[in-house]
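The block underneath contains the structure these notes are about, expressed in structure tokens.
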Amino acid sequence: MHQILPMGKGTHMRVTKKLLLGSVVVTAALAMVACAPTAESPSGESTDGGPSEVTVGIVTSESGPLAGYGKQYLDAFKAGLDYATDGTGEIGDTKITVEYRDDAGDPDKAVTAVKELIGEGVNIIAGTASSGVALAVAEQAAQNKVLYISGPAAADAITGINDYTFRSGRQSAQDVATAGTFLDDIEGKKVTVFAQDNAFGQGNVAAVQAILGGKGATVESVLVAEDATEFTPFAQQVLAGAPDLVFVAWAGATSGAMWQAMSQQGVMDEIPVVTGLGDSATFGAYGEAAEKISFLNHYFPGAPDNDVNAAMVKAIEDAGGTPDLFSPDGFNAAIMIVHAIEEGKGDVDAMVSSLEGFEFEGPKGTMTVRASDHALIQEMYQAKLVAKDGTFVPELVDTVAADDVAPAEATK
């Protein structure tokens, strides 16, 4: 299989399609791309047959509870666009223009922004930190036949939702499969999923039921309203259920209060707890529980060791930002968009074909867009937090191969 690394203006990247097989967990989808030319010449075409200009709409959280995730994505997207176009903002003779919109984590606001962008002729949309927002935007993508590349939003339902939706990050099934790598024998064990009652949390429950339940575990859940601020009763409910393992799926500003309640109620002292390692802002939020938790991880800057990751980290830091959990999602999105524009030259079907099976080198190493359902196949990490200089820092425990945590293949 050829590996494709965008090197900038005028570079022609080769795509080798690959179908990675698995069993069914989520509904199937094919996701496609489209871009709208803006005429800068009488024909509206560049000299190489592509559009003279393409506008991309980036819709994500710049405010609201997931604003921190949105910033990580945006900083890395800008770095990735610069990387993939060799600093020109162009691919071939096509200029790439970006319009940014804040969804504030609100599906209605996101849909309004997307409709406005589409009305202006934009037909490549990317971004989105919230799974609820991503699902709403994906619906608009299908209705209007525009490309949508979701970002950090992790709900499995995004994969396979329609023919126009891709993703540039990981999904819940990959988190859960990584959690399973901490366990020796899950058959006959009781697993409780502790999560927020939203698309992200519900997606994690479904994934644990499918993946760990499929290996013989009994799966129960404790779901908490997204606007809850007091978590002691829910921590007590987890304890009362006496599970063999607690899988915690949580995102946003309430993480610290939730972990404090879990620690105060002694959950980590009684039951093994596995959760995803969040962004750096959360490292101190685990408190005294930090070194008692086993962490699955999507990304932290010290996990992968490759030239693309080094380039991304440097670019973000040079711009005054901090590389973090969802940086690869923004960087990957830029690479995918540039590739689709270069290969498709403004034709939707051609850009769709160019992304199906697309393999490229991203910050986490080799990434593959699975042709059958557009899942993004990627390695994951086991990590731990260790105390250092009065704070906690992540350390890599193990790298989990991409194929070992690939989500089950969605079916149409």
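Chains: A, B, ... in order of the structure tokens. Residues: from 1 per chain. Ligands: from 1, in order shown.
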
Could you pull the residues within 8 Å of A:Phe77, counting only C-alpha atoms, minus those fewer than 6 positions along the same chain, as a PyMOL selection string?
-> chain A and resi 327+329-334

Fewer than 3 positions away in the same chain doesn't count, so skip those; otherwise give me all residues within 9 Å of A:Ala207, counting only C-alpha atoms, as a ChimeraX atom specification.
-> /A:25-26,156,172-177,202-204,210-213

Please give the complete set of residues from stretch 80-164 of chain A that DSSP, run on the backbone, assigns to strand (DSSP E or B), formatted as a ChimeraX atom specification.
-> /A:90-91,94-102,124-127,147-150

Which polymer residues have any atom within 10 Å of an atom of A:Ile118, counting only C-alpha atoms, with same-chain residues fewer than 2 positions away left out, as a list in words?
-> Ala36, Gly57, Thr112, Ala113, Val114, Lys115, Glu116, Glu120, Gly121, Val122, Asn123, Ile124, Ile125, Gln140, Ala141, Asn144, Lys145 and Val146 of chain A

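Shortest atom-to-atom contact with A:Ala340 among A:Thr391, A:Asn309, A:Ser353, A:Asn198: A:Ser353, counting only C-alpha atoms.
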
A:Asp184, A:Glu220, A:Glu356, A:Glu395: which is nearest A:Gly302, counting only C-alpha atoms?
-> A:Glu395

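Among the candidates A:Asp93, A:Asp269, A:Glu409, A:Asp244, the one nearest to A:Ile341 when counting only C-alpha atoms is A:Asp93.
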
Fewer than 3 positions away in the same chain doesn't count, so skip those; otherwise give me all residues within 7 Å of A:Ala217, counting only C-alpha atoms, as number ranges by chain.
-> A: 186-191, 212-213

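Those residues that approach stretch 65-75 of chain A to within 7 Å, counting only C-alpha atoms, are A:Thr60, A:Ser61, A:Ala79, A:Gly105, A:Ala129, A:Gly252, A:Ala253, A:Ile316, A:Gly321, A:Pro323, A:Asp324, A:Phe326, A:Ser327, A:Asp329, A:Gly330; same-chain residues fewer than 4 positions away are not listed.
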